[in-house]
Amino acid sequence: MAAGRRQYPFHLIEPKWQHRWDEQQAFRAWNPGEAVPADHPFAERHGQTEPGLLPKFYILDMFPYPSGAGLHVGHPEGYTATDILARYKRAQGLHVLHPMGWDAFGLPAEQYAIKTGRHPRRTTEQNVATFKRQIKALGFSYDWSREVDTTDPEYFKWTQWIFLKLYNSWFNPRTNKAEPIETLPYPPELEPTHAEHTPPDLESKRRAYRDSKRLAYVTEAPVWWCEKLGTVLANEEVVDGKSEVGGFPVIRKPMRQWMLRITNYAERLLNDLETIDWSNSLKEMQRNWIGRSDGAEVDFEVADCRFEASDSRKPIRVFTTRPDTLFGATYMVLSPEHRLLDLITTPAQRAAVEAYKAEVAKKSDLERTELAKEKTGVFTGANAINPVTGGKIPIWIADYVLISYGTGAIMAVPGHDTRDFEFATKFNLPIVQVVQPPDGKDWRGFVDDGVAVNSANTEITINGLPTPAAKAKITTWLEKKGLGTKTVNYKLRDWLFSRQRYWGEPFPVVWRNGADGTVYHEALPESALPLLPPKLDDYKPTPDGQPPLARATEWLTLPDGAKRETNTMPQWAGSCWYYLRYLDARNGATFVGKEAENYWMGGGGRSKLQVSGSRSQVEGSKAQSGGSGGFQPTPGVDLYVGGTEHAVLHLLYARFWHKVLFDLGYVSTPEPFYRLVNQGLILGEDGQKMSKSRGNVINPDDILKEYGADAFRLCEMFMGPLEMTKPWSTKGVEGVYRFLGRVWRLFVDEQSETEFEQNSTADPDRSPEFLEKLQISGTIKDVDPTPAQLKALHAAIKKVTEDLDGLRFNTGISALMVFINEAMTWNTKPAAILKSFLTLLQPFSPHLAEELWSKLHSALGAKSPALAYVPWPQFDTLLLVEDTLEIPVQVNGKLRDVIRVPAGATKTELEAAALEAEKAQPFLTGKAVKKIIVVPKKLVNIVVA
RNA sequence: GGGCGCGUGGCGGAAUGGCAGACGCGCGUGGCUUAGGACCACGUGAGGUAACUCUUGCAGGUUCAAGUCCUGUCGCGCCCACCA
């Protein structure tokens with residue numbers, strides 16, 4: 001292909017229009033109250049309308065991490081989809097917000113800094129510049145005046161500010177929302193008796209209590225520390241008790257960590273999924289992650305209790321989702337980290353228990369939960385009492401019980417739980433039946449719903465009850481007897497929010513020594529923001545395992561002796577709220593202005609929209625166009641597009657922050673992203689995932705150089721449905737590239753083009769000038785279109801409009817192709833028809849469309865308005881009506897003939913015509929007609945005996 | 001193991017329960033060309049000279065009619081995974 005002739009001079013057209021859009025800030029969105037310059041295309045379209053009165057459309061991309069590798073073909077997939085929609089909505093008269101920015105904190109720049117000493121900021125800036133150049137070359141209609149960069153102090157100042165809000169809030173279970181920490185009630189024993197002066201030790205206790213309730217709190221959590229690498233490792237980076245890189249030993253080391261109390265929001269994060277328009281699978285992933293389980297907590301007394309005296313008879317509490325199987329609990333299992341373990345272990349078993357604990361402690365979480373692993377465990381020597389049978393059951397420990405879920409202990413029902421069954425089989429523990437499966441299946445290991453059996457004592461029976469009823473009855477009984485309570489558990493854990501890194505947001509927190517010798521934390525005032533990271537020469541952690549920030553000894557200690565927090569925030573922090581900063585990106589006084597937030601997030605925009613209803617022009621997709629995609633103002637981002645890799649963490653974290661900000665009154669909607677679509681992965685041409693090692697990586701720069709941005713955009717969309725995983729096809733680019741070439745040749749005079757080619761070859765430097773002299777084809781005339789031409793156009797308008805409403809870009813493009821294939825056959829091409837076609841082409845391939853639009857207008861001697869703001873055409877269904885229709889005739893459901901009938905043919909006429917259809921005769925003669933199905937305008941089916 | 005999704009020509013993919021295969025790629029024939037891997041026109045699911053027959057992973061079912069709905073089954077992809 002490299003030797004092939006260019007289909008059209010995209011290499012001149014694309015930079016020309018990109019430059020023009022930049023120059024006039026063509027895609028700038030305006031906040032309420034902003035004055036739009038009269039010569040801006042937005043003003044040309046909307047006049048002097050106050051921008052805040054227009055209906056808004058906020059369309060958001062997941063902003064990229066600017067890696068050193070540059071853009072890959074997956075990025076432009078989502079970006080092209082959103083840009084097409086942004087341009088479409090803009091043409092429909094909506095006020096579109098379409099921003100872009102950089103999620104630029106992250107490990108690669110830091111690792112590069114450790115190796116080379118080069119400051120991560122410089123690496124980051126360079127990568128951002130590359131990404132920006134590549135993205136701009138694609139002609140996306142972003143409002144670059146709102147660009148954000150999470151590593152910019154003007155940005156992370158507000159990330160730190162939001163952290164302070166979390167820090168200074170608590171979750172009030174009564175109101176089910178976050179509230180300022182000042183509203184926190186204290187337990188009676190912590191209430192000061194005399195208002196004048198609080199004793200220091202009480203103040204200290206109150207502080208400890210307060211700190212334990214904050215949404216941002218500190219805890220000691222074990223992390224993996226690798227001495228040789230001098231760094232902390234994630235669970236995934238530890239294999240077989242050694243570092244994945246280098247195979248060095250690692251140790252479990254408790255470190256002070258910041259946590260965010262996302263678990264308080266579990267129920268709201270779960271329930272509010274119902275209110276947003278996300279795909280089922282995505283919601284399901286979030287539901288799984290939150291992991292709600294309904295069940296009961298049940299207390300088991302320890303038999304022959306050895307700690308009775310010292311510890312006031314603590315029972316062991318378990319969580320179960322199957323309280324109906326309580327009669328089948330034949331043993332208990334504690335997690336090896338359970339707090340009562342030391343107390344109950346008998347002297348005879350202590351050595352075995354200690355050995356097992358030590359072995360487990362070496363394993364990573366990943367290894368403990370490895371697939372198809374043989375069960376292990378040891379007996380503690382102690383027994384518990386089954387509260388419903390009164391029987392003595394042995395207490396074991398095993399690593400299949402996790403300390404971090406439920407109560408860290410289980411009742412084992414080996415008859416009806418797969419894991420307990422395996423364990424009991426291995427260690428010869430008793431297995432009894434308490435559930436009867438339906439249709440005589442084997443009860444051993446039967447875990448589904450059935451009917452309770454062998455489940456009665458002198459006070460209660462649940463025998464004969466189906467599982468749900470049995471659960472309800474036994475739970476009520478347990479509650480009445482004080483043996484248990486109905487409980488809900490979540491898999492979701494609090495968010496470990498600190499990292500031992502350099503290239504992240506420093507915490508606006510200092511540590512002080514209390515009068516009583518305790519060390520406590522204290523938030524910096526908002527006036528101290530942004531808190532910048534210190535200058536360092538070496539970005540490694542300190543030799544004694546302190547985070548890199550601890551190397552900045554001068555920065556570390558404040559004049560008053562307080563010490564700064566040396567952890568930094570995780571990369572997720574900046575991406576938790578960037579969509580809010582876009583709304584008011586240059587506001588120095590607040591993280592987002594109230595009016596801007598209210599308008600763009602649509603929290604209070606509805607009444608305004610009604611005011612503007614008659615004034616604004618929301619063309620297309622109204623009643624007449626028939627599409628259901630008519631404008632509906634939605635609360636939050638109207639459409640968010642990005643990859644599935646963020647289906648859980650980013651989206652959950654962002655929803656969490658948003659809800660906190662909502663509770664505190666800083667934003668006006670409970671959910672940030674009303675509609676979300678995941679783009680599918682783009683695989684290599686060989687159908688494998690793109691990777692350097694396979695050598696199948698496609699570089700967008702190469703495609704751009706060869707085919708241009710318009711063809712690249714089309715190609716990305718034409719490969720298949722947005723949400724589907726699909727292989728890249730360079731042949732496919734050539735297909736859409738040829739289509740754009742046909743569009744070009746349809747508009748441009750052949751003779752004039754030959755001259756352009758010759759001149760450009762002879763004098764390439766002047767080719768932009770020659771481009772301006774290219775003539776529009778003489779076959780394009782300002783004449784009235786024929787009915788057939790109108791029909792072709794309106795069929796295209798209808799199809800493209802409906803497909804864009806349904807995000808079906810591939811079939812929309814095919815409709816454009818169908819139109820061009822037909823228009824190629826016309827001897828005379830009415831200018832009005834081609835103009836309308838260009839408005840359809842504009843969202844997909846804006847550069848070519850703008851160029852031809854402007855040429856067409858000058859050929860007609862007319863002033864050419866910016867195509868990007870020209871109203872989307874409406875289709876007229878009347879023009880699509882056919883005079884006669886081709887109706888398939890089936891006999892017994894099989895196609896036998898096609899008849900041509902007047903469009904208005906009645907049912908009776910259709911029947912009669914079908915019965916006479918020539919090719920149907922052999923299948924009708926001599927047969928009795930039982931029934932004739934007539935679907936008006938569609939088909940006739942003759943049913944014969 | 002659990003959940004979600006998907007199986008249609010040589011390939012990517014189209015089809016509100018109503019003519020399966022739109023559109024593109026590839027391939028074939030012809031035209032234009034000194035020539036083309038550029039462009040234009042036509043053809044292109046399989047079998048059959050034809051009439052016709054077969055065809056949406058496989059097996060059933062519902063229906064006048066099934067790629068589409070239901071049941072089972074096989075295969076592929078993604079997510080979660082000892083969560084009690």
# chains A, B, ... in the order shown; residues from 1 in each chain; ligands from 1
>>> interface_residues(of="chain A", to="chain B", cutoff="8 Å", atoms="only C-alpha atoms (C1' of nucleotides)", output="PyMOL selection string")
chain A and resi 1+4-5+280-281+284-285+288-289+291+319-321+369+400-401+405+410-411+419+491+719-720+727+729+731-732+735-736+811+813-815+817-818+888+892-893+895+898+931-933+935+938-939+941-943
>>> select_by_dssp(residues="range 120-170 of chain A", states="strand (DSSP E or B)", output="list in words")
Val148, Asp149, Ser169 and Trp170 of chain A
>>> closest_residue(among="A:Val743, A:Ala178, A:Ala788, A:Ile698", to="Arg261 in chain A", atoms="only C-alpha atoms")
A:Ala178
>>> closest_residue(among="A:Leu807, A:Ala26, A:Leu722, A:Val901", to="Ala43 in chain A", atoms="only C-alpha atoms")
A:Ala26
>>> residues_around(residues="Arg287 in chain A", least_positions_apart="4", cutoff="10 Å", atoms="only C-alpha atoms (C1' of nucleotides)", output="mmCIF file with N, CA, C and O atoms, in the first residue's frame")
data_model
loop_
_atom_site.group_PDB
_atom_site.id
_atom_site.type_symbol
_atom_site.label_atom_id
_atom_site.label_comp_id
_atom_site.auth_asym_id
_atom_site.auth_seq_id
_atom_site.Cartn_x
_atom_site.Cartn_y
_atom_site.Cartn_z
ATOM 1 N N ALA A 266 -21.572 0.632 51.281
ATOM 2 C CA ALA A 266 -21.831 -0.588 50.518
ATOM 3 C C ALA A 266 -23.283 -0.664 50.056
ATOM 4 O O ALA A 266 -23.566 -0.900 48.878
ATOM 5 N N LEU A 269 -24.092 2.019 47.475
ATOM 6 C CA LEU A 269 -23.424 1.732 46.206
ATOM 7 C C LEU A 269 -24.136 0.599 45.468
ATOM 8 O O LEU A 269 -24.207 0.572 44.249
ATOM 9 N N LEU A 270 -24.671 -0.321 46.250
ATOM 10 C CA LEU A 270 -25.413 -1.443 45.668
ATOM 11 C C LEU A 270 -26.781 -0.989 45.159
ATOM 12 O O LEU A 270 -27.143 -1.204 44.003
ATOM 13 N N ASN A 271 -27.527 -0.339 46.023
ATOM 14 C CA ASN A 271 -28.902 0.033 45.670
ATOM 15 C C ASN A 271 -28.973 1.033 44.527
ATOM 16 O O ASN A 271 -29.844 0.942 43.669
ATOM 17 N N LEU A 273 -27.261 1.351 42.014
ATOM 18 C CA LEU A 273 -27.028 0.796 40.678
ATOM 19 C C LEU A 273 -28.341 0.729 39.904
ATOM 20 O O LEU A 273 -28.358 0.802 38.678
ATOM 21 N N SER A 281 -23.822 -6.585 32.749
ATOM 22 C CA SER A 281 -22.612 -7.276 33.194
ATOM 23 C C SER A 281 -21.785 -6.363 34.088
ATOM 24 O O SER A 281 -21.186 -6.804 35.065
ATOM 25 N N LEU A 282 -21.780 -5.075 33.751
ATOM 26 C CA LEU A 282 -21.012 -4.139 34.549
ATOM 27 C C LEU A 282 -21.613 -3.979 35.942
ATOM 28 O O LEU A 282 -20.904 -4.013 36.956
ATOM 29 N N LYS A 283 -22.928 -3.850 35.985
ATOM 30 C CA LYS A 283 -23.593 -3.761 37.288
ATOM 31 C C LYS A 283 -23.335 -5.036 38.086
ATOM 32 O O LYS A 283 -23.126 -4.988 39.297
ATOM 33 N N GLY A 291 -20.615 -7.592 47.050
ATOM 34 C CA GLY A 291 -20.806 -8.919 47.627
ATOM 35 C C GLY A 291 -21.708 -8.976 48.844
ATOM 36 O O GLY A 291 -21.292 -9.438 49.910
ATOM 37 N N ARG A 292 -22.932 -8.545 48.702
ATOM 38 C CA ARG A 292 -23.861 -8.613 49.831
ATOM 39 C C ARG A 292 -24.303 -10.052 50.083
ATOM 40 O O ARG A 292 -24.671 -10.762 49.151
ATOM 41 N N LYS A 491 -18.619 -8.368 51.010
ATOM 42 C CA LYS A 491 -17.237 -8.708 50.682
ATOM 43 C C LYS A 491 -16.370 -7.459 50.632
ATOM 44 O O LYS A 491 -15.180 -7.504 50.857
ATOM 45 N N LEU A 492 -17.000 -6.361 50.262
ATOM 46 C CA LEU A 492 -16.286 -5.096 50.131
ATOM 47 C C LEU A 492 -15.525 -4.768 51.409
ATOM 48 O O LEU A 492 -16.059 -4.877 52.508
ATOM 49 N N VAL A 648 -14.632 -2.117 37.971
ATOM 50 C CA VAL A 648 -14.851 -2.209 39.394
ATOM 51 C C VAL A 648 -14.180 -1.070 40.151
ATOM 52 O O VAL A 648 -14.839 -0.159 40.626
#
>>> residues_around(residues="Lys919 in chain A", least_positions_apart="6", cutoff="12 Å", atoms="only C-alpha atoms (C1' of nucleotides)", output="PyMOL selection string")
(chain A and resi 888-891+894-899+925) or (chain B and resi 51-52)
>>> residues_around(residues="U71 in chain B", least_positions_apart="2", cutoff="12 Å", atoms="only C-alpha atoms (C1' of nucleotides)", output="list in words")
A59, G60, G61, U62, C69 and U73 of chain B
>>> select_by_dssp(residues="range 435-577 of chain A", states="helix (DSSP H, G or I)", output="ChimeraX atom specification")
/A:438-440,467-481,526-528,548-551,553-556,572-575
>>> closest_residue(among="B:G43, B:G67, B:G48, B:G7", to="A20 in chain B", atoms="only C-alpha atoms (C1' of nucleotides)")
B:G67
>>> residues_around(residues="Val733 in chain A", least_positions_apart="5", cutoff="12 Å", atoms="only C-alpha atoms (C1' of nucleotides)", output="VMD selection string")
(chain A and resid 1 700 702 to 704 706 to 719 728 738 to 740) or (chain B and resid 12 24 to 25)
>>> atom_distance(atom1="CA of Gly139 in chain A", atom2="CA of Glu772 in chain A")
20.2 Å
